[in-house]
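Printed here is data_4.csv (CSV, C-alpha atoms):
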chain,number,residue,atom,x,y,z
A,1183,MET,CA,-7.2,-31.0,37.4
A,1184,ALA,CA,-3.7,-31.5,38.6
A,1185,THR,CA,-2.6,-33.7,35.7
A,1186,PRO,CA,-3.0,-31.2,32.8
A,1187,THR,CA,-1.2,-28.5,34.9
A,1188,LEU,CA,1.7,-30.8,35.3
A,1189,ASP,CA,1.8,-31.5,31.6
A,1190,LYS,CA,1.9,-27.9,30.8
A,1191,VAL,CA,4.8,-27.2,33.1
A,1192,GLU,CA,6.7,-30.0,31.5
A,1193,ALA,CA,6.0,-28.8,28.0
A,1194,GLU,CA,7.3,-25.4,28.8
A,1195,SER,CA,10.5,-26.5,30.4
A,1196,ALA,CA,11.2,-28.7,27.4
A,1197,ALA,CA,10.9,-25.8,25.0
A,1198,SER,CA,13.8,-23.5,25.7
A,1199,PRO,CA,13.1,-19.8,25.5
A,1200,TYR,CA,16.7,-19.2,24.4
A,1201,ILE,CA,17.4,-18.2,20.8
A,1202,THR,CA,20.7,-17.4,19.0
A,1203,VAL,CA,21.1,-13.7,18.4
A,1204,THR,CA,24.0,-12.0,16.6
A,1205,PHE,CA,25.2,-8.8,18.1
A,1206,ARG,CA,27.3,-6.7,15.7
A,1207,ILE,CA,29.2,-4.3,18.0
A,1208,ARG,CA,31.4,-1.4,16.8
A,1209,ARG,CA,34.7,-1.8,18.6
A,1210,PHE,CA,37.4,0.8,19.1
A,1211,ASN,CA,40.5,0.5,21.2
A,1212,PRO,CA,43.0,3.3,20.7
A,1213,GLU,CA,45.7,1.1,22.4
A,1214,VAL,CA,45.4,-1.4,19.5
A,1215,SER,CA,44.2,0.4,16.4
A,1216,ASP,CA,43.2,3.9,15.2
A,1217,GLU,CA,40.3,2.4,13.4
A,1218,ALA,CA,37.0,1.2,14.7
A,1219,GLN,CA,35.5,-2.0,13.3
A,1220,TRP,CA,32.4,-4.2,13.6
A,1221,GLN,CA,32.7,-7.4,15.5
A,1222,ASP,CA,30.0,-10.1,15.6
A,1223,PHE,CA,29.1,-12.0,18.8
A,1224,GLN,CA,26.7,-14.9,18.7
A,1225,ILE,CA,25.0,-15.6,22.0
A,1226,GLU,CA,22.2,-17.8,23.3
A,1227,ILE,CA,19.7,-15.5,25.0
A,1228,ASP,CA,16.1,-15.2,26.0
A,1229,PRO,CA,14.6,-12.6,23.6
A,1230,LYS,CA,12.6,-11.2,26.5
A,1231,GLU,CA,15.9,-10.0,28.0
A,1232,ARG,CA,17.3,-6.6,27.3
A,1233,VAL,CA,20.2,-5.5,25.1
A,1234,LEU,CA,22.1,-4.6,28.3
A,1235,ASP,CA,21.7,-8.2,29.5
A,1236,ALA,CA,23.2,-9.4,26.2
A,1237,LEU,CA,26.1,-7.0,26.5
A,1238,HIS,CA,26.7,-8.3,30.1
A,1239,LYS,CA,26.6,-11.9,28.8
A,1240,ILE,CA,29.2,-11.0,26.1
A,1241,LYS,CA,31.4,-9.2,28.6
A,1242,TRP,CA,31.2,-11.8,31.3
A,1243,GLU,CA,31.3,-14.9,29.2
A,1244,THR,CA,32.8,-14.2,25.8
A,1245,ASP,CA,35.0,-11.1,25.7
A,1246,GLY,CA,35.9,-9.2,28.8
A,1247,THR,CA,37.5,-6.3,26.9
A,1248,LEU,CA,34.0,-5.1,25.7
A,1249,THR,CA,33.7,-1.7,27.2
A,1250,PHE,CA,30.4,0.2,27.9
A,1251,ARG,CA,28.8,2.3,30.6
A,1252,ARG,CA,26.0,1.3,32.8
A,1253,SER,CA,25.1,2.1,36.4
A,1254,CYS,CA,21.6,1.5,37.6
A,1255,ALA,CA,20.6,-0.7,34.6
A,1256,HIS,CA,17.0,0.3,35.0
A,1257,GLY,CA,16.5,3.4,32.8
A,1258,ILE,CA,17.1,6.0,35.5
A,1259,CYS,CA,20.8,6.9,35.5
A,1260,GLY,CA,21.2,7.6,31.8
A,1261,SER,CA,24.6,5.9,31.5
A,1262,ASP,CA,23.9,3.4,28.7
A,1263,ALA,CA,22.5,5.4,25.8
A,1264,MET,CA,23.8,3.8,22.6
A,1265,ARG,CA,23.0,3.5,19.0
A,1266,ILE,CA,21.1,0.2,18.6
A,1267,ASN,CA,20.0,-0.8,15.1
A,1268,GLY,CA,20.8,2.8,14.0
A,1269,LYS,CA,18.6,4.4,16.6
A,1270,ASN,CA,19.6,6.0,19.9
A,1271,ARG,CA,18.2,4.0,22.8
A,1272,LEU,CA,18.9,3.0,26.4
A,1273,ALA,CA,20.3,-0.6,26.3
A,1274,CYS,CA,18.6,-1.2,29.6
A,1275,LYS,CA,15.2,-0.3,28.2
A,1276,THR,CA,15.3,-2.1,24.9
A,1277,LEU,CA,14.0,-5.7,24.8
A,1278,ILE,CA,15.7,-7.9,22.3
A,1279,LYS,CA,12.4,-9.2,21.0
A,1280,ASP,CA,11.4,-5.7,20.1
A,1281,ILE,CA,14.2,-5.0,17.7
A,1282,ASN,CA,14.0,-8.1,15.4
A,1283,PRO,CA,16.5,-10.6,16.7
A,1284,GLU,CA,16.3,-12.6,13.4
A,1285,LYS,CA,18.8,-10.2,11.9
A,1286,PRO,CA,22.1,-9.1,13.5
A,1287,ILE,CA,21.6,-6.3,16.0
A,1288,THR,CA,24.0,-3.5,15.6
A,1289,VAL,CA,25.3,-1.7,18.7
A,1290,GLU,CA,27.6,1.4,18.5
A,1291,ALA,CA,28.5,4.5,20.5
A,1292,ILE,CA,26.3,7.6,20.2
A,1293,LYS,CA,27.4,10.0,17.5
A,1294,GLY,CA,28.8,13.5,17.8
A,1295,LEU,CA,31.0,12.9,20.8
A,1296,THR,CA,34.5,11.5,20.9
A,1297,VAL,CA,34.6,7.7,21.2
A,1298,LEU,CA,37.1,6.8,23.9
A,1299,LYS,CA,36.7,3.0,23.8
A,1300,ASP,CA,34.1,0.7,22.3
A,1301,LEU,CA,30.8,2.2,23.4
A,1302,VAL,CA,32.2,4.8,25.8
A,1303,VAL,CA,32.2,8.4,24.7
A,1304,ASP,CA,33.6,11.6,26.2
A,1305,MET,CA,30.6,13.3,27.7
A,1306,ASP,CA,32.4,16.5,28.7
A,1307,PRO,CA,31.1,18.7,25.8
A,1308,PHE,CA,27.6,17.5,26.5
A,1309,PHE,CA,27.8,18.4,30.2
A,1310,GLN,CA,29.5,21.7,29.4
A,1311,ALA,CA,26.4,22.7,27.4
A,1312,TYR,CA,24.3,21.6,30.3
A,1313,ARG,CA,26.3,23.7,32.8
A,1314,ASP,CA,26.2,26.7,30.4
A,1315,VAL,CA,22.4,27.0,30.7
A,1316,MET,CA,22.6,27.3,34.6
A,1317,PRO,CA,20.5,24.2,35.5
A,1318,PHE,CA,19.8,25.3,39.1
A,1319,LEU,CA,17.2,27.4,40.9
A,1320,ILE,CA,18.0,31.2,40.8
A,1321,THR,CA,16.2,33.4,43.2
A,1322,LYS,CA,16.4,37.0,44.5
A,1323,GLY,CA,15.9,38.3,48.0
A,1324,ASN,CA,16.0,36.4,51.3
A,1325,GLU,CA,15.5,32.7,51.5
A,1326,PRO,CA,12.1,31.9,52.9
A,1327,THR,CA,11.9,30.1,56.2
A,1328,ARG,CA,9.6,27.4,54.8
A,1329,GLU,CA,9.6,25.6,51.4
A,1330,ARG,CA,8.8,27.5,48.2
A,1331,LEU,CA,5.2,26.6,47.5
A,1332,GLN,CA,3.8,26.1,44.0
A,1333,SER,CA,0.4,25.3,42.6
A,1334,ALA,CA,-0.3,22.0,40.9
A,1335,GLU,CA,-0.9,24.0,37.6
A,1336,ASP,CA,2.5,25.8,37.9
A,1337,ARG,CA,4.2,22.4,38.5
A,1338,GLU,CA,2.4,20.9,35.5
A,1339,ARG,CA,3.8,23.6,33.2
A,1340,PHE,CA,7.3,22.1,33.2
A,1341,ASP,CA,6.5,18.6,34.3
A,1342,ASP,CA,7.6,17.0,31.0
A,1343,THR,CA,11.1,18.4,31.1
A,1344,THR,CA,11.8,17.3,34.7
A,1345,LYS,CA,11.9,13.7,33.4
A,1346,CYS,CA,15.3,14.2,31.7
A,1347,ILE,CA,18.0,11.8,32.8
A,1348,LEU,CA,20.9,13.4,30.8
A,1349,CYS,CA,21.6,10.3,28.8
A,1350,ALA,CA,22.5,12.3,25.7
A,1351,ALA,CA,20.4,10.2,23.4
A,1352,CYS,CA,18.6,13.4,22.1
A,1353,THR,CA,21.7,15.6,21.7
A,1354,SER,CA,23.7,12.8,20.0
A,1355,SER,CA,20.8,12.2,17.5
A,1356,CYS,CA,20.7,15.9,16.5
A,1357,PRO,CA,22.1,16.6,13.0
A,1358,VAL,CA,23.0,20.2,13.9
A,1359,PHE,CA,25.0,18.9,16.9
A,1360,TRP,CA,26.8,16.3,14.8
A,1361,ASN,CA,28.1,19.1,12.5
A,1362,ASP,CA,28.7,21.8,15.1
A,1363,GLY,CA,29.4,21.0,18.7
A,1364,GLN,CA,28.9,24.6,19.6
A,1365,TYR,CA,25.2,24.2,19.4
A,1366,PHE,CA,23.7,23.7,22.9
A,1367,GLY,CA,21.8,20.7,21.9
A,1368,PRO,CA,18.3,19.4,22.9
A,1369,ALA,CA,19.3,18.2,26.4
A,1370,ALA,CA,20.7,21.5,27.5
A,1371,ILE,CA,17.6,23.3,26.2
A,1372,VAL,CA,15.3,20.8,27.9
A,1373,ASN,CA,17.0,21.5,31.2
A,1374,ALA,CA,16.9,25.2,30.7
A,1375,HIS,CA,13.1,24.9,29.9
A,1376,ARG,CA,12.7,23.1,33.2
A,1377,PHE,CA,13.7,26.2,35.0
A,1378,ILE,CA,12.5,28.9,32.6
A,1379,PHE,CA,8.9,27.8,33.1
A,1380,ASP,CA,9.3,27.1,36.9
A,1381,SER,CA,7.2,29.8,38.7
A,1382,ARG,CA,9.7,29.7,41.7
A,1383,ASP,CA,12.7,30.5,39.5
A,1384,GLU,CA,13.8,34.1,38.8
A,1385,GLY,CA,16.7,33.4,36.4
A,1386,GLY,CA,14.5,32.8,33.4
A,1387,GLU,CA,15.5,36.0,31.6
A,1388,GLN,CA,19.3,35.1,31.9
A,1389,ARG,CA,18.7,31.6,30.5
A,1390,LEU,CA,16.6,33.0,27.7
A,1391,GLU,CA,19.4,35.4,26.9
A,1392,ILE,CA,21.9,32.5,26.7
A,1393,LEU,CA,19.6,30.5,24.4
A,1394,ASN,CA,18.9,33.5,22.2
A,1395,ASP,CA,22.6,33.4,21.3
A,1396,ARG,CA,24.1,32.2,18.0
A,1397,ASP,CA,24.4,28.6,19.3
A,1398,GLY,CA,21.0,28.6,21.0
A,1399,VAL,CA,17.5,27.6,20.1
A,1400,TRP,CA,17.4,29.3,16.7
A,1401,ARG,CA,19.7,26.6,15.3
A,1402,CYS,CA,17.1,24.0,15.9
A,1403,ARG,CA,15.7,22.7,12.6
A,1404,THR,CA,12.8,20.8,14.1
A,1405,THR,CA,13.8,17.5,12.6
A,1406,PHE,CA,12.2,15.7,15.7
A,1407,ASN,CA,15.2,13.4,16.0
A,1408,CYS,CA,15.4,14.3,19.6
A,1409,THR,CA,11.8,13.6,20.4
A,1410,ASP,CA,12.1,10.2,18.6
A,1411,ALA,CA,15.3,9.3,20.5
A,1412,CYS,CA,14.2,10.3,24.1
A,1413,PRO,CA,13.9,7.1,26.2
A,1414,ARG,CA,11.8,9.0,28.7
A,1415,GLY,CA,9.2,10.1,26.1
A,1416,ILE,CA,9.9,13.8,26.7
A,1417,GLU,CA,8.5,16.0,23.8
A,1418,VAL,CA,11.9,17.6,23.3
A,1419,THR,CA,11.2,19.5,20.1
A,1420,LYS,CA,8.0,20.9,21.7
A,1421,ALA,CA,10.1,22.1,24.6
A,1422,ILE,CA,12.6,23.8,22.3
A,1423,GLN,CA,9.7,25.5,20.4
A,1424,GLU,CA,8.2,26.7,23.7
A,1425,VAL,CA,11.5,28.4,24.5
A,1426,LYS,CA,11.5,30.0,21.0
A,1427,ARG,CA,7.9,31.2,21.6
A,1428,ALA,CA,8.9,32.6,25.1
A,1429,LEU,CA,11.8,34.5,23.5
A,1430,ILE,CA,9.5,36.0,20.8
A,1431,THR,CA,6.7,36.9,23.2
A,1432,ARG,CA,9.0,38.4,25.8
A,1433,ARG,CA,10.8,40.6,23.2
A,1434,PHE,CA,7.7,42.1,21.5
B,953,MET,CA,41.7,-8.4,21.9
B,954,SER,CA,40.0,-10.8,19.6
B,955,THR,CA,39.4,-8.2,16.9
B,956,GLU,CA,41.5,-8.3,13.8
B,957,SER,CA,43.3,-5.0,13.6
B,958,SER,CA,44.2,-3.4,10.4
B,959,ALA,CA,46.7,-1.2,12.2
B,960,ILE,CA,48.9,-4.1,12.9
B,961,GLY,CA,51.8,-3.5,10.6
B,962,ALA,CA,53.3,-6.0,8.1
B,963,VAL,CA,56.6,-5.9,9.9
B,964,GLU,CA,56.5,-8.7,12.5
B,965,GLY,CA,52.9,-8.0,13.3
B,966,VAL,CA,53.8,-5.2,15.6
B,967,SER,CA,51.0,-2.8,16.4
B,968,LEU,CA,51.6,0.9,15.8
B,969,TYR,CA,49.7,1.7,19.0
B,970,ASP,CA,50.0,0.4,22.6
B,971,VAL,CA,49.2,1.5,26.1
B,972,GLU,CA,51.9,4.2,26.1
B,973,HIS,CA,51.1,5.4,22.6
B,974,PRO,CA,47.4,5.2,22.1
B,975,ALA,CA,45.9,6.1,18.7
B,976,PRO,CA,44.5,9.6,18.3
B,977,VAL,CA,40.7,9.8,18.9
B,978,ILE,CA,38.4,11.6,16.5
B,979,GLU,CA,37.3,14.8,18.1
B,980,PRO,CA,33.8,16.2,17.2
B,981,PRO,CA,33.8,19.4,15.1
B,982,ARG,CA,33.9,22.6,17.2
B,983,LYS,CA,33.2,20.9,20.5
B,984,ARG,CA,32.0,23.0,23.4
B,985,THR,CA,34.5,23.5,26.2
B,986,GLY,CA,34.6,25.7,29.3
B,987,LYS,CA,36.4,28.3,27.2
B,988,THR,CA,33.6,28.6,24.7
B,989,PRO,CA,32.9,32.4,24.4
B,990,LYS,CA,29.7,33.7,25.8
B,991,GLY,CA,27.1,34.9,23.3
B,992,SER,CA,26.9,38.2,21.5
B,993,ARG,CA,23.8,39.3,23.4
B,994,THR,CA,22.0,40.5,20.3
B,995,ASN,CA,18.6,39.5,18.9
B,996,PHE,CA,20.0,39.0,15.4
B,997,GLU,CA,19.4,35.2,15.3
B,998,MET,CA,15.8,35.7,16.5
B,999,TYR,CA,15.1,38.4,13.9
B,1000,ALA,CA,16.7,36.2,11.2
B,1001,TRP,CA,14.5,33.3,12.3
B,1002,LEU,CA,11.3,35.4,12.3
B,1003,PHE,CA,12.3,37.0,8.9
B,1004,MET,CA,12.5,33.5,7.4
B,1005,ARG,CA,8.9,32.7,8.5
B,1006,LEU,CA,7.4,36.0,7.6
B,1007,SER,CA,9.2,36.5,4.2
B,1008,GLY,CA,8.3,32.9,3.3
B,1009,ILE,CA,4.6,33.6,3.7
B,1010,VAL,CA,4.8,36.8,1.6
B,1011,LEU,CA,7.0,35.1,-1.0
B,1012,VAL,CA,4.4,32.4,-1.6
B,1013,VAL,CA,1.9,35.1,-2.7
B,1014,LEU,CA,4.5,37.1,-4.7
B,1015,VAL,CA,6.1,34.2,-6.4
B,1016,ILE,CA,2.9,32.3,-7.3
B,1017,GLY,CA,1.4,35.5,-8.6
B,1018,HIS,CA,4.6,36.2,-10.6
B,1019,LEU,CA,4.6,32.7,-12.1
B,1020,LEU,CA,0.9,32.9,-13.1
B,1021,ILE,CA,1.3,36.2,-14.8
B,1022,GLN,CA,4.5,35.3,-16.6
B,1023,LEU,CA,3.8,31.7,-17.6
B,1024,VAL,CA,0.1,30.9,-17.5
B,1025,LEU,CA,-2.3,33.8,-17.9
B,1026,ASP,CA,-2.9,35.6,-21.2
B,1027,GLY,CA,-0.9,33.6,-23.7
B,1028,GLY,CA,1.6,32.2,-21.3
B,1029,VAL,CA,5.4,32.2,-21.7
B,1030,SER,CA,5.2,33.2,-25.5
B,1031,LYS,CA,4.1,36.7,-24.7
B,1032,ILE,CA,7.2,37.6,-22.7
B,1033,GLY,CA,9.4,40.1,-24.4
B,1034,PHE,CA,11.0,43.5,-23.9
B,1035,ALA,CA,7.6,45.2,-24.6
B,1036,PHE,CA,5.8,43.0,-22.1
B,1037,VAL,CA,8.3,43.8,-19.3
B,1038,ALA,CA,8.4,47.5,-20.3
B,1039,GLY,CA,4.6,47.6,-20.2
B,1040,ARG,CA,4.4,46.1,-16.7
B,1041,TRP,CA,7.2,48.3,-15.2
B,1042,ALA,CA,5.3,51.4,-16.4
B,1043,SER,CA,3.0,50.8,-13.4
B,1044,PRO,CA,4.4,51.5,-9.9
B,1045,PHE,CA,2.4,48.6,-8.6
B,1046,TRP,CA,4.4,46.0,-10.6
B,1047,GLN,CA,7.6,47.9,-9.8
B,1048,VAL,CA,6.9,47.5,-6.1
B,1049,TRP,CA,5.9,43.9,-6.6
B,1050,ASP,CA,9.1,43.0,-8.4
B,1051,LEU,CA,11.2,45.0,-6.0
B,1052,ALA,CA,9.6,43.3,-3.0
B,1053,MET,CA,10.1,39.9,-4.6
B,1054,LEU,CA,13.7,40.7,-5.4
B,1055,TRP,CA,14.6,41.8,-1.9
B,1056,LEU,CA,12.7,39.2,0.0
B,1057,ALA,CA,13.8,36.3,-2.2
B,1058,MET,CA,17.4,37.3,-2.1
B,1059,LEU,CA,17.5,37.9,1.7
B,1060,HIS,CA,15.5,34.8,2.3
B,1061,GLY,CA,17.8,32.7,0.2
B,1062,ALA,CA,20.9,34.3,1.6
B,1063,ASN,CA,19.8,33.7,5.1
B,1064,GLY,CA,19.0,30.1,4.3
B,1065,LEU,CA,22.5,29.6,2.8
B,1066,ARG,CA,24.1,31.4,5.8
B,1067,THR,CA,22.3,28.7,8.0
B,1068,VAL,CA,23.6,25.9,5.8
B,1069,ILE,CA,27.2,27.3,6.0
B,1070,ASN,CA,26.9,27.7,9.7
B,1071,ASP,CA,25.7,24.1,10.0
B,1072,TYR,CA,28.1,22.4,7.6
B,1073,ALA,CA,31.4,24.4,7.3
B,1074,GLU,CA,33.6,23.0,10.0
B,1075,ARG,CA,36.6,25.3,10.0
B,1076,ASP,CA,36.2,29.0,11.1
B,1077,ASN,CA,38.2,30.1,8.0
B,1078,SER,CA,36.0,28.3,5.5
B,1079,ARG,CA,32.9,29.6,7.3
B,1080,PHE,CA,34.2,33.1,7.1
B,1081,TRP,CA,35.1,33.1,3.4
B,1082,LEU,CA,32.0,31.2,2.3
B,1083,LYS,CA,29.9,33.8,4.1
B,1084,MET,CA,31.8,36.6,2.6
B,1085,LEU,CA,31.3,35.2,-0.9
B,1086,LEU,CA,27.6,34.7,-0.1
B,1087,TYR,CA,27.2,38.3,1.2
B,1088,THR,CA,29.1,39.8,-1.8
B,1089,ALA,CA,26.9,37.9,-4.3
B,1090,THR,CA,23.7,38.9,-2.4
B,1091,VAL,CA,24.6,42.6,-2.2
B,1092,PHE,CA,25.6,42.7,-5.9
B,1093,THR,CA,22.4,41.0,-7.1
B,1094,VAL,CA,20.1,43.1,-4.9
B,1095,LEU,CA,21.8,46.4,-5.9
B,1096,LEU,CA,21.9,45.5,-9.6
B,1097,GLY,CA,18.2,44.4,-9.6
B,1098,THR,CA,17.1,47.5,-7.7
B,1099,LEU,CA,19.1,49.8,-10.0
B,1100,VAL,CA,17.4,48.2,-13.1
B,1101,ILE,CA,13.9,48.4,-11.7
B,1102,PHE,CA,14.3,52.1,-10.8
B,1103,THR,CA,16.3,53.3,-13.8
B,1104,PHE,CA,14.5,51.2,-16.4
B,1105,ASP,CA,14.2,53.1,-19.7
B,1106,PRO,CA,11.5,51.6,-22.1
B,1107,ASN,CA,12.9,53.7,-25.0
B,1108,ILE,CA,16.5,52.3,-24.7
B,1109,ARG,CA,18.1,51.7,-28.1

Spit out the file's structure as structure tokens when you get a sec.
Amino acid sequence: MATPTLDKVEAESAASPYITVTFRIRRFNPEVSDEAQWQDFQIEIDPKERVLDALHKIKWETDGTLTFRRSCAHGICGSDAMRINGKNRLACKTLIKDINPEKPITVEAIKGLTVLKDLVVDMDPFFQAYRDVMPFLITKGNEPTRERLQSAEDRERFDDTTKCILCAACTSSCPVFWNDGQYFGPAAIVNAHRFIFDSRDEGGEQRLEILNDRDGVWRCRTTFNCTDACPRGIEVTKAIQEVKRALITRRF
Amino acid sequence: MSTESSAIGAVEGVSLYDVEHPAPVIEPPRKRTGKTPKGSRTNFEMYAWLFMRLSGIVLVVLVIGHLLIQLVLDGGVSKIGFAFVAGRWASPFWQVWDLAMLWLAMLHGANGLRTVINDYAERDNSRFWLKMLLYTATVFTVLLGTLVIFTFDPNIR
């Protein structure tokens, strides 16, 4: 029994898991040029690694000037949303083997926000929209002496939208947001939804009033780009539609 | 930087941009800032959205009925003439039908174009003037059509 096992281990170590993958990265450095351009990097990497690992390998071993954001590197902090092969994804949740490493893999900054350098964008307009929907618990009256209790059903009502990590993958995939940054964007509406449908919150009417505005939910064209882009699998378009329905049913 | 830069000038390969003088970045159109004005607090956008859905449903019936009568039933397109139109508009039912179709189709289309202008016109000035052009054309067409339906004279010579 021992001999075949030994053979197998030897065979595996002989066949390297590494393959050559081309990464085509959109570079922009305002201190050198006013134009962005594509640059190819060929690296040896295990296809079971993630795109973020490839970017690390490029930055650490090939070109230290490559600039991108990442913090936790495990799909929670929402720092490394980028456009990989034309689709918004988290680099830390995208395995190279899943996006056809035979062809060059394109990596660029998310759209609709100012590119500051390489893959880093100015997130201020995104977070401004987030702030404008008041993403915090609003209550009236005295603070209770114990925690605010809630039934499992009431919690379930907004469970989907609590998963948002504010990575901006949805908002920067929205064609309305690309053309008009005044639109709140899917992420802000998702975070408003999280409080509008929270039974403990009493500021729902104020938030609905904000989203009833010219730049609110009525600008949504239900293209489902946001739902496709969300790395957390939130049904973003459904959440937006639920806000629309709440607005209509509360007004009539 | 290992990238080949097109902004490096022909003169001695000196870059136009450096750390002190970075290139301008491309700002997104109409980006949201802390100074973005608060909303108008009206329900106009909601009513516009609802109107699009409801008028769309009614228009499906009105337009398909209109097309059937005009182009398919009873001899098809060849029968249409002054007498045919005069005969139909003698009945208040067809007057109301055509009036409803005119108003709903014009307002539905105008609201759709307003949405397109809001989505795609970047500068506030171009938005304003495109919408003014749109509203003028809509009001003109609706008023002219209404006038014709109500004051139609079958004995005109």

(request) May I ask you to extract the residues of chain A within 6 Å of chain B, using all atoms listed in the file, and to give them as a PyMOL selection string? (result) chain A and resi 1212-1216+1294-1296+1307+1361-1364+1395

(request) Provide the atom CA of Lys1420 of chain A to atom CA of Ile1009 of chain B distance in Å, to one decimal place. (result) 22.3 Å

(request) Would you list the contacts of Asp1105 of chain B as a ChimeraX atom specification, taking every protein, DNA or RNA residue within 12 Å and counting only C-alpha atoms, but skipping same-chain residues closer than 5 positions in sequence? (result) /B:1034-1035,1037-1039,1041-1042,1099-1100

Kindly export the residues of the current selection with C-alpha atoms, as a JSON list (two decimals), in the frame of the given file.
[["chain", "number", "residue", "atom", "x", "y", "z"],
["B", 1034, "PHE", "CA", 11.00, 43.50, -23.90],
["B", 1035, "ALA", "CA", 7.60, 45.20, -24.60],
["B", 1037, "VAL", "CA", 8.30, 43.80, -19.30],
["B", 1038, "ALA", "CA", 8.40, 47.50, -20.30],
["B", 1039, "GLY", "CA", 4.60, 47.60, -20.20],
["B", 1041, "TRP", "CA", 7.20, 48.30, -15.20],
["B", 1042, "ALA", "CA", 5.30, 51.40, -16.40],
["B", 1099, "LEU", "CA", 19.10, 49.80, -10.00],
["B", 1100, "VAL", "CA", 17.40, 48.20, -13.10]]

(message) Rounded to one decimal, what separation in Å do you get between atom CA of Ala1351 of chain A and atom CA of Asn1394 of chain A?
(response)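 Spanning atom CA of Ala1351 of chain A to atom CA of Asn1394 of chain A is a straight-line distance of 23.4 Å.
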
(request) Taking the point (20.4, 10.8, 22.8) as given in the file, collect each protein or nucleic acid residue that comes within 9 Å of it, counting all atoms listed in the file, and present the set as JSON, numbers by chain. (result) {"A": [1263, 1264, 1265, 1270, 1271, 1272, 1292, 1293, 1348, 1349, 1350, 1351, 1352, 1353, 1354, 1355, 1356, 1368, 1369, 1407, 1408, 1411, 1412, 1413]}

I need the residues from that last selection saved to file as a tab-separated table (two decimals), keeping the file's coordinate frame (with C-alpha atoms), if you can.
chain	number	residue	atom	x	y	z
A	1263	ALA	CA	22.50	5.40	25.80
A	1264	MET	CA	23.80	3.80	22.60
A	1265	ARG	CA	23.00	3.50	19.00
A	1270	ASN	CA	19.60	6.00	19.90
A	1271	ARG	CA	18.20	4.00	22.80
A	1272	LEU	CA	18.90	3.00	26.40
A	1292	ILE	CA	26.30	7.60	20.20
A	1293	LYS	CA	27.40	10.00	17.50
A	1348	LEU	CA	20.90	13.40	30.80
A	1349	CYS	CA	21.60	10.30	28.80
A	1350	ALA	CA	22.50	12.30	25.70
A	1351	ALA	CA	20.40	10.20	23.40
A	1352	CYS	CA	18.60	13.40	22.10
A	1353	THR	CA	21.70	15.60	21.70
A	1354	SER	CA	23.70	12.80	20.00
A	1355	SER	CA	20.80	12.20	17.50
A	1356	CYS	CA	20.70	15.90	16.50
A	1368	PRO	CA	18.30	19.40	22.90
A	1369	ALA	CA	19.30	18.20	26.40
A	1407	ASN	CA	15.20	13.40	16.00
A	1408	CYS	CA	15.40	14.30	19.60
A	1411	ALA	CA	15.30	9.30	20.50
A	1412	CYS	CA	14.20	10.30	24.10
A	1413	PRO	CA	13.90	7.10	26.20

(request) Can you work out the spacing between atom CA of Gly1260 of chain A and atom CA of Leu1319 of chain A in Å, to one decimal? (result)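 Separation of atom CA of Gly1260 of chain A and atom CA of Leu1319 of chain A: 22.2 Å.
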
(request) Name the closest residue to Gly1398 of chain A among the candidates A:Ala1218, A:Ala1374, A:Cys1259, A:Val1418; distances are taken between atoms, counting all atoms listed in the file. (result)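 The answer is A:Ala1374, which sits nearest to Gly1398 of chain A.
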
Contacts of Tyr1365 of chain A at 9 Å or less, counting only C-alpha atoms, minus same-chain residues fewer than 6 places along, as a compact mmCIF listing (two decimals) with C-alpha atoms, keeping the file's coordinate frame?
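Saved file result.txt follows:
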# COMPACT_ATOMS: atom_id res chain seq x y z
CA ALA A 1311 26.40 22.70 27.40
CA VAL A 1358 23.00 20.20 13.90
CA PHE A 1359 25.00 18.90 16.90
CA ARG A 1396 24.10 32.20 18.00
CA ASP A 1397 24.40 28.60 19.30
CA GLY A 1398 21.00 28.60 21.00
CA VAL A 1399 17.50 27.60 20.10
CA ARG A 1401 19.70 26.60 15.30
CA CYS A 1402 17.10 24.00 15.90
CA LYS B 983 33.20 20.90 20.50
CA ARG B 984 32.00 23.00 23.40

(message) From (13.4, 23.4, 33.5), in the file's coordinates, out to 10 Å: which residues are reached, counting all atoms listed in the file? Answer as a VMD selection string.
(response) chain A and resid 1317 to 1319 1339 to 1346 1370 to 1380 1383 1386 1421
